[in-house]
file start_2.cif (mmCIF, C-alpha atoms)
data_target
loop_
_atom_site.label_atom_id
_atom_site.label_comp_id
_atom_site.auth_asym_id
_atom_site.auth_seq_id
_atom_site.Cartn_x
_atom_site.Cartn_y
_atom_site.Cartn_z
CA MET Z 1 -33.85 -0.47 -23.49
CA GLU Z 2 -33.64 -1.12 -19.77
CA GLY Z 3 -31.51 0.49 -17.14
CA ASN Z 4 -31.44 2.95 -14.32
CA ILE Z 5 -31.20 6.69 -14.80
CA ALA Z 6 -29.18 6.95 -11.57
CA ILE Z 7 -26.23 5.46 -13.47
CA LEU Z 8 -26.56 8.34 -15.94
CA GLY Z 9 -26.29 10.67 -12.97
CA TYR Z 10 -23.08 8.96 -11.97
CA GLY Z 11 -21.74 9.47 -15.49
CA LEU Z 12 -22.54 13.17 -15.31
CA SER Z 13 -20.97 13.50 -11.86
CA ALA Z 14 -17.77 11.89 -13.13
CA ILE Z 15 -17.18 14.55 -15.82
CA GLY Z 16 -16.20 17.37 -13.47
CA PRO Z 17 -13.83 15.37 -11.26
CA GLY Z 18 -12.32 13.80 -14.40
CA ILE Z 19 -11.39 17.22 -15.74
CA GLY Z 20 -10.33 18.37 -12.28
CA VAL Z 21 -8.02 15.40 -11.65
CA GLY Z 22 -6.48 15.95 -15.09
CA LEU Z 23 -5.81 19.61 -14.33
CA ILE Z 24 -4.32 18.79 -10.92
CA PHE Z 25 -1.86 16.24 -12.26
CA ALA Z 26 -1.03 18.48 -15.23
CA ALA Z 27 -0.06 21.20 -12.77
CA TYR Z 28 1.89 18.70 -10.66
CA ILE Z 29 3.83 17.42 -13.68
CA ASN Z 30 4.52 20.99 -14.77
CA GLY Z 31 5.79 21.88 -11.34
CA VAL Z 32 8.06 18.85 -11.05
CA ALA Z 33 9.37 19.35 -14.59
CA ARG Z 34 10.33 22.92 -13.84
CA GLN Z 35 11.72 22.24 -10.41
CA PRO Z 36 12.47 18.56 -9.78
CA GLU Z 37 13.65 19.16 -6.22
CA ALA Z 38 10.14 20.41 -5.29
CA ARG Z 39 8.69 16.95 -5.88
CA GLY Z 40 8.54 15.95 -2.22
CA MET Z 41 6.65 19.10 -1.35
CA LEU Z 42 4.27 18.96 -4.31
CA GLN Z 43 3.37 15.28 -4.04
CA PRO Z 44 1.14 15.40 -0.94
CA ILE Z 45 -0.53 18.56 -2.26
CA ALA Z 46 -1.22 16.92 -5.61
CA PHE Z 47 -2.67 13.82 -3.99
CA LEU Z 48 -4.74 15.93 -1.61
CA GLY Z 49 -6.21 17.82 -4.55
CA PHE Z 50 -6.78 14.55 -6.36
CA ALA Z 51 -8.58 13.09 -3.34
CA LEU Z 52 -10.79 16.14 -2.92
CA ALA Z 53 -11.74 16.28 -6.61
CA GLU Z 54 -12.34 12.55 -6.73
CA ALA Z 55 -14.69 12.72 -3.73
CA LEU Z 56 -17.35 14.29 -5.95
CA ALA Z 57 -17.32 11.34 -8.33
CA ILE Z 58 -17.46 8.97 -5.36
CA PHE Z 59 -20.52 10.82 -4.06
CA GLY Z 60 -22.07 10.32 -7.47
CA LEU Z 61 -21.32 6.61 -7.35
CA ALA Z 62 -22.70 6.21 -3.82
CA LEU Z 63 -25.85 8.15 -4.66
CA ALA Z 64 -26.33 6.16 -7.86
CA PHE Z 65 -26.62 3.05 -5.70
CA VAL Z 66 -28.66 4.77 -2.99
CA PHE Z 67 -31.37 6.03 -5.40
CA ARG Z 68 -31.58 3.02 -7.67
CA MET X 69 -11.20 3.31 -23.59
CA SER X 70 -13.54 2.63 -26.51
CA THR X 71 -12.70 -1.07 -26.41
CA ALA X 72 -13.65 -1.22 -22.74
CA ALA X 73 -16.96 0.50 -23.41
CA TRP X 74 -17.58 -1.91 -26.25
CA GLN X 75 -16.88 -4.88 -24.02
CA VAL X 76 -19.14 -3.68 -21.25
CA ASP X 77 -21.79 -3.17 -23.92
CA ALA X 78 -21.26 -6.71 -25.20
CA VAL X 79 -21.51 -8.15 -21.70
CA VAL X 80 -24.66 -6.19 -20.95
CA ARG X 81 -26.24 -7.20 -24.26
CA ALA X 82 -25.39 -10.83 -23.59
CA ALA X 83 -26.92 -10.46 -20.16
CA GLU X 84 -30.12 -9.08 -21.62
CA GLU X 85 -30.45 -11.80 -24.21
CA GLY X 86 -29.45 -14.87 -22.23
CA GLU X 87 -31.00 -16.01 -18.97
CA GLY X 88 -27.79 -17.40 -17.53
CA TYR X 89 -25.83 -14.26 -16.84
CA LYS X 90 -26.69 -12.03 -13.94
CA ASN X 91 -25.04 -8.63 -13.66
CA PRO X 92 -22.94 -8.40 -10.50
CA GLY X 93 -24.27 -5.86 -8.03
CA VAL X 94 -24.26 -4.71 -4.44
CA GLY X 95 -25.88 -7.96 -3.33
CA ASP X 96 -22.84 -9.99 -4.34
CA PHE X 97 -20.80 -8.26 -1.65
CA TRP X 98 -23.06 -9.45 1.17
CA GLN X 99 -21.63 -12.81 2.14
CA PRO X 100 -22.57 -13.96 5.64
CA LEU X 101 -20.70 -17.07 6.76
CA PHE X 102 -21.81 -17.82 10.33
CA GLY X 103 -24.51 -16.57 12.64
CA GLY X 104 -27.42 -16.32 10.25
CA GLU X 105 -28.32 -13.52 7.85
CA GLY X 106 -28.95 -10.73 10.32
CA ALA X 107 -27.00 -7.64 11.35
CA PHE X 108 -24.73 -9.64 13.67
CA ALA X 109 -23.73 -12.30 11.17
CA ILE X 110 -20.03 -13.07 10.86
CA THR X 111 -19.44 -12.15 7.24
CA ARG X 112 -16.59 -12.81 4.85
CA PRO X 113 -15.08 -9.30 5.26
CA SER X 114 -15.09 -9.61 9.05
CA ILE X 115 -13.12 -12.85 8.74
CA VAL X 116 -10.79 -11.13 6.25
CA ILE X 117 -10.10 -8.15 8.50
CA MET X 118 -9.36 -10.44 11.48
CA LEU X 119 -7.02 -12.41 9.24
CA SER X 120 -5.33 -9.19 8.14
CA VAL X 121 -4.74 -8.12 11.75
CA ALA X 122 -3.26 -11.54 12.56
CA ILE X 123 -1.02 -11.50 9.47
CA LEU X 124 0.17 -7.96 10.14
CA SER X 125 0.97 -8.67 13.79
CA VAL X 126 2.93 -11.81 12.97
CA LEU X 127 4.79 -10.29 10.01
CA LEU X 128 5.69 -7.02 11.70
CA LEU X 129 6.86 -8.80 14.84
CA ALA X 130 8.85 -11.35 12.85
CA PHE X 131 10.47 -8.80 10.54
CA THR X 132 11.59 -6.54 13.36
CA LYS X 133 12.69 -9.23 15.81
CA ARG X 134 16.39 -9.38 15.02
CA LEU X 135 17.25 -5.85 14.04
CA SER X 136 20.67 -5.33 12.55
CA VAL X 137 22.56 -2.32 11.32
CA VAL X 138 22.84 -3.90 7.89
CA PRO X 139 19.17 -4.75 7.40
CA SER X 140 17.88 -7.89 5.80
CA ARG X 141 15.50 -7.49 2.88
CA LYS X 142 12.45 -8.01 5.09
CA GLN X 143 13.67 -5.55 7.66
CA LEU X 144 14.41 -3.05 4.88
CA ALA X 145 10.89 -3.39 3.46
CA THR X 146 9.34 -2.87 6.90
CA GLU X 147 11.60 0.04 7.66
CA SER X 148 11.02 1.81 4.37
CA THR X 149 7.25 1.49 4.77
CA TYR X 150 7.54 2.86 8.28
CA GLY X 151 9.86 5.59 7.03
CA LEU X 152 7.41 6.61 4.33
CA VAL X 153 4.63 7.03 6.90
CA ARG X 154 6.83 8.55 9.60
CA ASN X 155 8.74 11.05 7.48
CA GLY X 156 6.65 11.57 4.36
CA LEU X 157 3.30 11.75 6.11
CA GLY X 158 3.92 12.35 9.81
CA ARG X 159 6.86 14.72 10.01
CA ASP X 160 6.30 16.69 6.81
CA ILE X 161 2.60 17.31 7.41
CA ILE X 162 1.98 17.37 11.16
CA GLY X 163 5.29 19.13 11.83
CA SER X 164 8.37 18.01 13.69
CA HIS X 165 7.13 19.33 17.05
CA ASP X 166 4.39 16.83 17.87
CA PHE X 167 4.17 14.27 15.08
CA LEU X 168 5.74 11.35 16.95
CA LYS X 169 2.74 10.43 19.07
CA PHE X 170 0.56 10.14 15.94
CA VAL X 171 2.94 7.92 13.99
CA PRO X 172 1.56 4.67 15.52
CA LEU X 173 -1.97 5.64 14.44
CA LEU X 174 -0.85 6.64 10.96
CA PHE X 175 1.26 3.51 10.46
CA THR X 176 -1.52 1.24 11.72
CA MET X 177 -4.04 2.90 9.40
CA PHE X 178 -1.66 2.65 6.45
CA VAL X 179 -0.67 -1.01 6.75
CA LEU X 180 -4.14 -2.16 7.77
CA ILE X 181 -5.85 -0.43 4.84
CA LEU X 182 -3.08 -1.41 2.45
CA LEU X 183 -3.26 -5.10 3.30
CA ASN X 184 -7.05 -5.15 3.29
CA ASN X 185 -7.11 -3.41 -0.08
CA LEU X 186 -4.53 -5.77 -1.53
CA PHE X 187 -6.66 -8.71 -0.37
CA SER X 188 -8.93 -7.70 -3.23
CA VAL X 189 -6.53 -9.31 -5.71
CA ILE X 190 -4.66 -11.83 -3.53
CA PRO X 191 -5.99 -15.35 -4.09
CA PRO X 192 -7.67 -17.15 -2.42
CA ILE X 193 -9.07 -14.27 -0.33
CA GLN X 194 -10.02 -11.86 -3.12
CA TYR X 195 -12.33 -9.69 -1.13
CA PRO X 196 -11.61 -6.03 -0.40
CA THR X 197 -12.79 -5.54 3.17
CA MET X 198 -13.35 -1.86 2.56
CA SER X 199 -16.00 -2.57 -0.06
CA ARG X 200 -18.47 -2.92 2.82
CA VAL X 201 -19.06 0.63 4.00
CA ALA X 202 -19.06 -0.29 7.72
CA PHE X 203 -15.29 -0.91 7.75
CA PRO X 204 -14.11 2.42 6.29
CA ALA X 205 -16.81 4.15 8.36
CA ALA X 206 -15.33 2.66 11.54
CA LEU X 207 -11.83 3.77 10.55
CA ALA X 208 -13.10 7.26 9.68
CA LEU X 209 -14.84 7.40 13.06
CA VAL X 210 -11.53 6.70 14.80
CA VAL X 211 -9.87 9.50 12.82
CA PHE X 212 -12.81 11.83 13.53
CA VAL X 213 -12.59 11.26 17.28
CA VAL X 214 -8.79 11.57 17.31
CA TYR X 215 -8.47 14.86 15.45
CA HIS X 216 -11.21 16.56 17.41
CA LEU X 217 -9.83 15.29 20.73
CA VAL X 218 -6.31 16.52 20.01
CA GLY X 219 -7.81 19.84 18.90
CA PHE X 220 -9.74 20.16 22.17
CA ARG X 221 -6.66 19.22 24.16
CA LYS X 222 -4.46 21.70 22.37
CA HIS X 223 -6.75 24.73 22.25
CA GLY X 224 -9.49 24.01 24.79
CA VAL X 225 -13.10 23.61 23.64
CA VAL X 226 -13.78 27.31 22.98
CA GLY X 227 -10.32 27.92 21.59
CA TYR X 228 -10.68 25.00 19.20
CA PHE X 229 -13.92 26.31 17.75
CA LYS X 230 -12.31 29.73 17.51
CA SER X 231 -9.27 28.29 15.77
CA ILE X 232 -11.28 27.03 12.80
CA ILE X 233 -11.96 30.62 11.70
CA PRO X 234 -9.12 32.07 9.59
CA ALA X 235 -7.40 34.92 11.36
CA GLY X 236 -8.07 38.52 10.37
CA LEU X 237 -11.69 38.26 9.23
CA SER X 238 -14.32 40.89 9.98
CA ILE X 239 -17.18 39.68 12.19
CA GLY X 240 -19.68 39.75 9.32
CA LEU X 241 -17.54 37.36 7.33
CA ALA X 242 -16.38 35.28 10.30
CA ILE X 243 -19.85 33.98 11.22
CA PRO X 244 -20.76 32.36 7.86
CA ILE X 245 -17.22 31.06 7.51
CA PHE X 246 -17.49 29.56 11.00
CA PHE X 247 -20.59 27.57 10.05
CA LEU X 248 -19.09 26.48 6.76
CA GLU X 249 -15.97 25.25 8.54
CA LEU X 250 -18.10 23.58 11.21
CA VAL X 251 -20.01 21.60 8.57
CA THR X 252 -16.71 20.66 6.94
CA ASP X 253 -15.17 19.51 10.23
CA LEU X 254 -18.16 17.67 11.63
CA PHE X 255 -19.75 16.24 8.51
CA THR X 256 -17.92 16.50 5.19
CA ARG X 257 -14.50 15.32 6.36
CA PRO X 258 -15.44 12.02 8.04
CA VAL X 259 -18.07 11.21 5.41
CA THR X 260 -15.76 11.80 2.46
CA LEU X 261 -12.95 9.96 4.23
CA ALA X 262 -15.12 6.85 4.60
CA LEU X 263 -16.90 7.13 1.26
CA ARG X 264 -13.72 7.69 -0.75
CA LEU X 265 -12.13 4.47 0.44
CA PHE X 266 -15.41 2.55 0.21
CA GLY X 267 -16.27 3.86 -3.25
CA ASN X 268 -12.88 3.13 -4.73
CA MET X 269 -12.69 -0.40 -3.38
CA PHE X 270 -16.31 -1.21 -4.16
CA ALA X 271 -16.29 0.18 -7.69
CA GLY X 272 -12.91 -1.33 -8.51
CA HIS X 273 -13.87 -4.78 -7.30
CA LEU X 274 -17.25 -4.62 -9.01
CA LEU X 275 -15.45 -3.82 -12.26
CA LEU X 276 -13.18 -6.84 -11.81
CA VAL X 277 -16.15 -9.08 -11.05
CA LEU X 278 -17.96 -7.77 -14.12
CA PHE X 279 -15.04 -8.35 -16.48
CA ILE X 280 -14.14 -11.77 -15.11
CA SER X 281 -17.62 -13.23 -14.71
CA GLY X 282 -18.79 -11.62 -17.95
CA GLY X 283 -15.71 -12.87 -19.78
CA GLU X 284 -16.20 -16.36 -18.42
CA TYR X 285 -19.85 -16.37 -19.43
CA LEU X 286 -19.10 -15.10 -22.94
CA LEU X 287 -16.31 -17.64 -23.37
CA LEU X 288 -18.33 -20.61 -22.19
CA GLU X 289 -21.85 -19.75 -23.37
CA GLY X 290 -21.31 -17.23 -26.16
CA ALA X 291 -21.56 -18.23 -29.83
CA GLY X 292 -18.89 -17.53 -32.45
CA ALA X 293 -17.49 -14.03 -32.23
CA LEU X 294 -18.80 -13.58 -28.69
CA LYS X 295 -16.12 -16.05 -27.54
CA LEU X 296 -13.55 -13.56 -28.82
CA ALA X 297 -15.26 -10.83 -26.82
CA GLY X 298 -14.95 -13.11 -23.80
CA VAL X 299 -11.19 -13.43 -24.33
CA ALA X 300 -10.92 -9.66 -24.71
CA SER X 301 -12.96 -9.19 -21.56
CA LEU X 302 -10.67 -11.50 -19.58
CA PHE X 303 -7.67 -9.59 -20.92
CA MET X 304 -9.29 -6.35 -19.76
CA ALA X 305 -9.77 -8.00 -16.36
CA PHE X 306 -6.02 -8.56 -16.21
CA VAL X 307 -5.28 -4.95 -17.16
CA MET X 308 -7.80 -3.67 -14.62
CA THR X 309 -6.26 -5.89 -11.92
CA VAL X 310 -2.92 -4.17 -12.42
CA PHE X 311 -4.64 -0.79 -12.37
CA GLU X 312 -6.54 -1.78 -9.23
CA ILE X 313 -3.32 -2.60 -7.38
CA LEU X 314 -2.19 0.96 -8.10
CA VAL X 315 -5.52 2.35 -6.86
CA GLN X 316 -5.36 0.20 -3.70
CA VAL X 317 -1.93 1.46 -2.72
CA LEU X 318 -2.94 5.01 -3.60
CA GLN X 319 -6.10 4.87 -1.50
CA ALA X 320 -4.23 3.58 1.54
CA TYR X 321 -1.77 6.45 1.07
CA ILE X 322 -4.52 9.04 0.61
CA PHE X 323 -6.45 7.88 3.68
CA THR X 324 -3.31 8.20 5.80
CA LEU X 325 -2.41 11.52 4.17
CA LEU X 326 -5.82 12.98 4.96
CA THR X 327 -5.67 11.62 8.52
CA ALA X 328 -2.33 13.39 8.97
CA LEU X 329 -3.71 16.59 7.42
CA TYR X 330 -6.77 16.67 9.68
CA ILE X 331 -4.61 16.08 12.75
CA ALA X 332 -2.21 18.77 11.52
CA GLY X 333 -5.11 21.18 11.15
CA ALA X 334 -6.30 20.45 14.67
CA VAL X 335 -2.90 20.88 16.34
CA ALA X 336 -1.77 23.85 14.24
CA ASP X 337 -1.11 27.00 16.20
CA GLU X 338 -3.27 29.14 13.96
CA HIS X 339 -5.50 28.30 11.08
#

call {"tool": "encode", "arguments": {"input": "start_2.cif", "output": "structure tokens"}}
result
Amino acid sequence: MEGNIAILGYGLSAIGPGIGVGLIFAAYINGVARQPEARGMLQPIAFLGFALAEALAIFGLALAFVFR
Amino acid sequence: MSTAAWQVDAVVRAAEEGEGYKNPGVGDFWQPLFGGEGAFAITRPSIVIMLSVAILSVLLLAFTKRLSVVPSRKQLATESTYGLVRNGLGRDIIGSHDFLKFVPLLFTMFVLILLNNLFSVIPPIQYPTMSRVAFPAALALVVFVVYHLVGFRKHGVVGYFKSIIPAGLSIGLAIPIFFLELVTDLFTRPVTLALRLFGNMFAGHLLLVLFISGGEYLLLEGAGALKLAGVASLFMAFVMTVFEILVQVLQAYIFTLLTALYIAGAVADEH
């Protein structure tokens, strides 16, 4: 079997952000369901959290290509 | 996503067995058109970004030329995009006191990134400019310079560095926090800003290339059941294209959101 172990590293680095993004949007949905008028306030916060959590997976992807 | 994993597996296996199929990779994104192969070559993304600037200038000028109180559909689309950036990103995040002078920057960033991202799926262009890291890096550099400059202007050089420490910390805690915040401001923020956009566009487009070229190869060269896998792969390409459009709009929004947040942090009265 051929391949590059760096890709495995990317897979590992995607686990944490995957869980994190799920938690963030779960909290966002909960918040909007309980208080629909808070949507406008929660939306940027949710996307900010999403962007920050996702950055880790993106690092993993970039490094997978850097160290191949 | 077990079907997707299975299809990738099938494509990779086909690639290992046959000689004809080559896995798409980073090299496929390097497409110089004029001026040789060197660092100063005019590449496909540089043509695309020039085209995007031309299209945006013409469209925005044309759609806002004859403004009326009852807007036409084009004027409405332009105005609602502008309104989203001005109110949803500028006013709500930077604050109503001094958001207006940053709205041109935010709007330019938003429409430029949005159009360049959408070029990824618009035929016949089909190349996301931001999948070459130089383009998002240049945009992140602009943001980096802007939010530090407005911070310096607002607080003065010493005051700006002081303002990154949260108020009410003891001196023993303030020093390590200062260095942490300094690394965040000077390094992590611009790098993540550029890499996030680059990574999303690059990975998304690579996935599309993989599904489409792999599907085509399986359909044309594969034997028996592999042809079915090719059809499934092309269908996945369609599904991923729709998903990619969502990601492209989202990434343009997030880039502008983070730009607004960094500016807001620099002009805020206290941390």

call {"tool": "interface_residues", "arguments": {"input": "start_2.cif", "of": "chain X", "to": "chain Z", "cutoff": "7 Å", "atoms": "only C-alpha atoms", "output": "list in words"}}
result
Thr260, Leu263, Arg264, Gly267 and Ile322 of chain X

call {"tool": "write_last_selection", "arguments": {"input": "start_2.cif", "atoms": "C-alpha atoms", "output": "CSV table (one decimal), keeping the file's coordinate frame"}}
result
chain,number,residue,atom,x,y,z
X,260,THR,CA,-15.8,11.8,2.5
X,263,LEU,CA,-16.9,7.1,1.3
X,264,ARG,CA,-13.7,7.7,-0.8
X,267,GLY,CA,-16.3,3.9,-3.2
X,322,ILE,CA,-4.5,9.0,0.6

call {"tool": "resolve_selection", "arguments": {"input": "start_2.cif", "expression": "the PyMOL selection byres ((chain X and resi 147) around 12)", "output": "number ranges by chain"}}
result
X: 128, 131-132, 135-146, 148-155, 175

call {"tool": "atom_distance", "arguments": {"input": "start_2.cif", "atom1": "CA of Tyr285 (chain X)", "atom2": "CA of Pro92 (chain X)"}}
result
12.4 Å

call {"tool": "resolve_selection", "arguments": {"input": "start_2.cif", "expression": "the PyMOL selection byres ((chain X and resi 183) around 10)", "output": "JSON, numbers by chain"}}
result
{"X": [117, 120, 121, 123, 124, 178, 179, 180, 181, 182, 184, 185, 186, 187, 188, 190, 196, 197, 316, 317, 320]}

call {"tool": "residues_around", "arguments": {"input": "start_2.cif", "residues": "Met177 (chain X)", "least_positions_apart": "5", "cutoff": "9 Å", "atoms": "only C-alpha atoms", "output": "PyMOL selection string"}}
result
chain X and resi 172+182+207+320+323-324+327

call {"tool": "closest_residue", "arguments": {"input": "start_2.cif", "among": "X:Ile161, X:Ile239, X:Ile110, X:Ala300", "to": "Leu326 (chain X)", "atoms": "only C-alpha atoms"}}
result
X:Ile161

call {"tool": "atom_distance", "arguments": {"input": "start_2.cif", "atom1": "CA of Met198 (chain X)", "atom2": "CA of Leu265 (chain X)"}}
result
6.8 Å
